[in-house]
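Asker: I have a structure I would like to understand better, so I am pasting it below and will then ask my questions one at a time.
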Amino acid sequence: MTQGCFTIIINDKNQILLGKRQDYPLWDLPGGRLEENEELIDCAIRETLEETGYQIIIDDKIGTYHRPKFHDIQHIYIGHIVGGQASLSDETKVLKWFTHLPINMVPNRRKQIKDYKKCKRNIEVTLKDNNILFIIHRFI
């Protein structure tokens with residue numbers, strides 16, 4: 001079972017920060033895999049710094065999203081920037097603030113962001129990834 005932590009970061013214009021991945025041409029929230037003995041919030045903070053250059057504080061947890069087909073759990077947080085500056089990493093090709101979400105996003109991110117916008121907090125969701133998502137996931 002893998003686990004990952006991802007953070008929704010909103011600026012003062014109510015835009016969401018997304019990064020276009022280096023490995024495939026999809027936009028994603030800053031985040032990544034939980035390391036051994038790492039706390040979930042620490043993972044979200046570390047991954048955001050590594051992928052964006054921004055230091056953040058976590059404000060709340062949107063939810064835990066279970067993906068049984070992939071033996072994966074995604075923890076989604078909301079946070080805000082307290083320091084640093086935008087910088088790219090070997091995982092992030094482009095960083096951009098979005099008012100309207102792009103079409104080409106990592107599967108399920110749109111739902112997770114929608115849950116944030118609906119003010120959902122600390123929810124537990126089991127995602128039913130369909131076969132096309134399974135094929136895409138295996139490809140990437």
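Following the order of the structure tokens, first chain is A, next is B, and so on, with residues numbered from 1 inside each chain and ligands from 1 in the order they appear.
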Against stretch 121-127 of chain A, which residues of stretch 27-106 of chain A fall within 6 Å? For each one I want the closest pair of atoms and the distance in Å (one decimal), counting only C-alpha atoms, rows by chain and increasing residue number, as a Markdown table.
Answerer:
```
| residue | atom | partner | partner_atom | distance |
| --- | --- | --- | --- | --- |
| A:Lys61 | CA | A:Asn122 | CA | 5.5 |
| A:Ile62 | CA | A:Arg121 | CA | 4.3 |
| A:Gly63 | CA | A:Ile123 | CA | 4.4 |
| A:Thr64 | CA | A:Glu124 | CA | 5.0 |
| A:Tyr65 | CA | A:Val125 | CA | 4.8 |
| A:His66 | CA | A:Thr126 | CA | 4.6 |
| A:Arg67 | CA | A:Leu127 | CA | 5.3 |
```
Asker: Using DSSP on the backbone, list every residue of stretch 84-123 of chain A that comes out as strand (DSSP E), and give them as a list in words.
Answerer: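 Going through stretch 84-123 of chain A, the strand (DSSP E) residues come out as Gly84, Thr92, Lys93, Val94, Leu95, Lys96, Trp97, Phe98 and Ile123 of chain A.
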Asker: Tell me which of A:Lys20, A:Lys128, A:Arg46, A:His80 sits closest to A:Asn108, counting only C-alpha atoms.
Answerer: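 Closest to A:Asn108 of all the choices is A:Lys128.
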Asker: Would you list the contacts of A:Glu50 as a PyMOL selection string, taking every protein, DNA or RNA residue within 9 Å and counting only C-alpha atoms, but skipping same-chain residues closer than 2 positions in sequence?
Answerer: chain A and resi 30-31+45-48+52-54+87-89+91
Asker: With distances taken over only C-alpha atoms, which residue among A:Cys5, A:Leu26, A:Leu40, A:Cys119 lies nearest A:Leu101?
Answerer: A:Leu26
Asker: Within chain A, find each residue whose DSSP state, derived from the backbone, is helix (DSSP H, G or I), and express the selection as number ranges by chain.
Answerer: A: 40-52, 68-70, 109-117, 131-139
Asker: Save the residues we just selected, N, CA, C and O atoms, as a compact mmCIF listing (two decimals), in the first residue's frame?
Answerer:
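Written file, part.txt:
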```
# COMPACT_ATOMS: atom_id res chain seq x y z
N LEU A 40 2.30 12.56 8.03
CA LEU A 40 1.58 12.97 6.82
C LEU A 40 1.75 14.46 6.52
O LEU A 40 2.06 14.84 5.39
N ILE A 41 1.56 15.32 7.51
CA ILE A 41 1.69 16.77 7.28
C ILE A 41 3.11 17.13 6.88
O ILE A 41 3.32 17.97 6.00
N ASP A 42 4.10 16.48 7.50
CA ASP A 42 5.49 16.74 7.13
C ASP A 42 5.75 16.37 5.68
O ASP A 42 6.50 17.05 4.97
N CYS A 43 5.12 15.30 5.22
CA CYS A 43 5.25 14.88 3.81
C CYS A 43 4.68 15.95 2.89
O CYS A 43 5.31 16.32 1.89
N ALA A 44 3.49 16.46 3.20
CA ALA A 44 2.86 17.48 2.37
C ALA A 44 3.74 18.73 2.29
O ALA A 44 3.92 19.31 1.22
N ILE A 45 4.30 19.15 3.41
CA ILE A 45 5.17 20.34 3.46
C ILE A 45 6.45 20.10 2.67
O ILE A 45 6.87 20.93 1.87
N ARG A 46 7.09 18.95 2.89
CA ARG A 46 8.34 18.62 2.20
C ARG A 46 8.15 18.54 0.69
O ARG A 46 8.92 19.13 -0.08
N GLU A 47 7.12 17.81 0.27
CA GLU A 47 6.88 17.64 -1.16
C GLU A 47 6.59 18.97 -1.85
O GLU A 47 7.04 19.22 -2.96
N THR A 48 5.84 19.84 -1.17
CA THR A 48 5.54 21.15 -1.76
C THR A 48 6.82 21.96 -1.93
O THR A 48 7.05 22.56 -2.98
N LEU A 49 7.67 21.96 -0.92
CA LEU A 49 8.94 22.69 -1.01
C LEU A 49 9.80 22.13 -2.13
O LEU A 49 10.34 22.88 -2.95
N GLU A 50 9.92 20.80 -2.20
CA GLU A 50 10.74 20.18 -3.24
C GLU A 50 10.24 20.48 -4.65
O GLU A 50 11.03 20.71 -5.56
N GLU A 51 8.92 20.49 -4.83
CA GLU A 51 8.36 20.63 -6.18
C GLU A 51 8.08 22.07 -6.60
O GLU A 51 7.94 22.33 -7.80
N THR A 52 7.98 22.99 -5.63
CA THR A 52 7.61 24.37 -5.99
C THR A 52 8.60 25.42 -5.50
O THR A 52 8.59 26.54 -6.01
N PRO A 68 -8.40 1.64 -3.99
CA PRO A 68 -8.11 0.21 -3.79
C PRO A 68 -7.57 -0.50 -5.02
O PRO A 68 -6.75 -1.41 -4.89
N LYS A 69 -7.99 -0.08 -6.20
CA LYS A 69 -7.51 -0.72 -7.42
C LYS A 69 -6.00 -0.56 -7.59
O LYS A 69 -5.34 -1.38 -8.21
N PHE A 70 -5.45 0.52 -7.02
CA PHE A 70 -4.03 0.81 -7.14
C PHE A 70 -3.27 0.60 -5.82
O PHE A 70 -2.10 0.93 -5.75
N ARG A 109 -7.89 14.61 -9.34
CA ARG A 109 -7.56 15.90 -8.73
C ARG A 109 -8.74 16.87 -8.80
O ARG A 109 -8.99 17.62 -7.87
N ARG A 110 -9.45 16.85 -9.91
CA ARG A 110 -10.59 17.74 -10.08
C ARG A 110 -11.62 17.49 -8.96
O ARG A 110 -12.15 18.41 -8.38
N LYS A 111 -11.90 16.23 -8.66
CA LYS A 111 -12.84 15.89 -7.59
C LYS A 111 -12.31 16.36 -6.24
O LYS A 111 -13.06 16.90 -5.43
N GLN A 112 -11.04 16.17 -5.99
CA GLN A 112 -10.46 16.58 -4.71
C GLN A 112 -10.52 18.10 -4.55
O GLN A 112 -10.84 18.60 -3.46
N ILE A 113 -10.27 18.83 -5.61
CA ILE A 113 -10.36 20.29 -5.56
C ILE A 113 -11.82 20.73 -5.39
O ILE A 113 -12.11 21.67 -4.66
N LYS A 114 -12.73 20.01 -6.04
CA LYS A 114 -14.15 20.31 -5.89
C LYS A 114 -14.59 20.09 -4.43
O LYS A 114 -15.36 20.88 -3.89
N ASP A 115 -14.09 19.05 -3.80
CA ASP A 115 -14.39 18.82 -2.38
C ASP A 115 -13.90 19.98 -1.52
O ASP A 115 -14.58 20.41 -0.59
N TYR A 116 -12.71 20.50 -1.84
CA TYR A 116 -12.19 21.68 -1.13
C TYR A 116 -13.13 22.86 -1.31
O TYR A 116 -13.49 23.55 -0.34
N LYS A 117 -13.55 23.11 -2.55
CA LYS A 117 -14.42 24.26 -2.83
C LYS A 117 -15.78 24.14 -2.17
O LYS A 117 -16.43 25.14 -1.88
N ASN A 131 -11.66 1.53 -15.73
CA ASN A 131 -10.62 0.81 -16.48
C ASN A 131 -9.72 1.74 -17.28
O ASN A 131 -8.54 1.48 -17.43
N ILE A 132 -10.28 2.83 -17.82
CA ILE A 132 -9.45 3.76 -18.60
C ILE A 132 -8.41 4.42 -17.71
O ILE A 132 -7.26 4.60 -18.10
N LEU A 133 -8.80 4.76 -16.46
CA LEU A 133 -7.83 5.32 -15.52
C LEU A 133 -6.76 4.30 -15.17
O LEU A 133 -5.59 4.63 -14.99
N PHE A 134 -7.16 3.05 -15.06
CA PHE A 134 -6.21 1.98 -14.76
C PHE A 134 -5.18 1.88 -15.89
O PHE A 134 -3.99 1.77 -15.63
N ILE A 135 -5.63 1.96 -17.11
CA ILE A 135 -4.71 1.91 -18.27
C ILE A 135 -3.78 3.11 -18.28
O ILE A 135 -2.57 2.98 -18.47
N ILE A 136 -4.34 4.31 -18.06
CA ILE A 136 -3.53 5.53 -18.01
C ILE A 136 -2.49 5.43 -16.90
O ILE A 136 -1.32 5.73 -17.11
N HIS A 137 -2.93 5.00 -15.73
CA HIS A 137 -2.02 4.89 -14.58
C HIS A 137 -0.88 3.93 -14.87
O HIS A 137 0.26 4.20 -14.54
N ARG A 138 -1.18 2.81 -15.49
CA ARG A 138 -0.13 1.84 -15.81
C ARG A 138 0.83 2.39 -16.85
O ARG A 138 2.01 2.10 -16.84
N PHE A 139 0.30 3.22 -17.78
CA PHE A 139 1.12 3.81 -18.81
C PHE A 139 2.10 4.83 -18.22
O PHE A 139 3.25 4.91 -18.62
```
Asker: Considering only C-alpha atoms, return as a list in words whatever protein or nucleic-acid residues lie within 12 Å of A:Pro25, sequence-local ones (same chain, fewer than 4 positions apart) excluded.
Answerer: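 Residues meeting the cut-off are Gly19, Lys20, Arg21, Glu91, Thr92, Lys93, Val94, Pro102, Ile103, Asn104, Met105, Val106 and Ile140 of chain A.
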Asker: Which residue gives the smallest distance to A:Glu35 among A:Gln22, A:Lys13, A:Ile8, A:Gln3, with only C-alpha atoms counted?
Answerer: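 That would be A:Gln3, the residue with the smallest distance to A:Glu35.
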Asker: Would you list the contacts of A:Gln15 as JSON, numbers by chain, taking every protein, DNA or RNA residue within 6 Å and counting only C-alpha atoms, but skipping same-chain residues closer than 2 positions in sequence?
Answerer: {"A": [10, 11, 13, 97, 98, 99]}
Asker: Could you work out how far atom CA of A:Ile81 lies from atom CA of A:Arg33, giving the answer in Å with one decimal?
Answerer: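 So the two atoms, atom CA of A:Arg33 and atom CA of A:Ile81, lie 20.6 Å apart.
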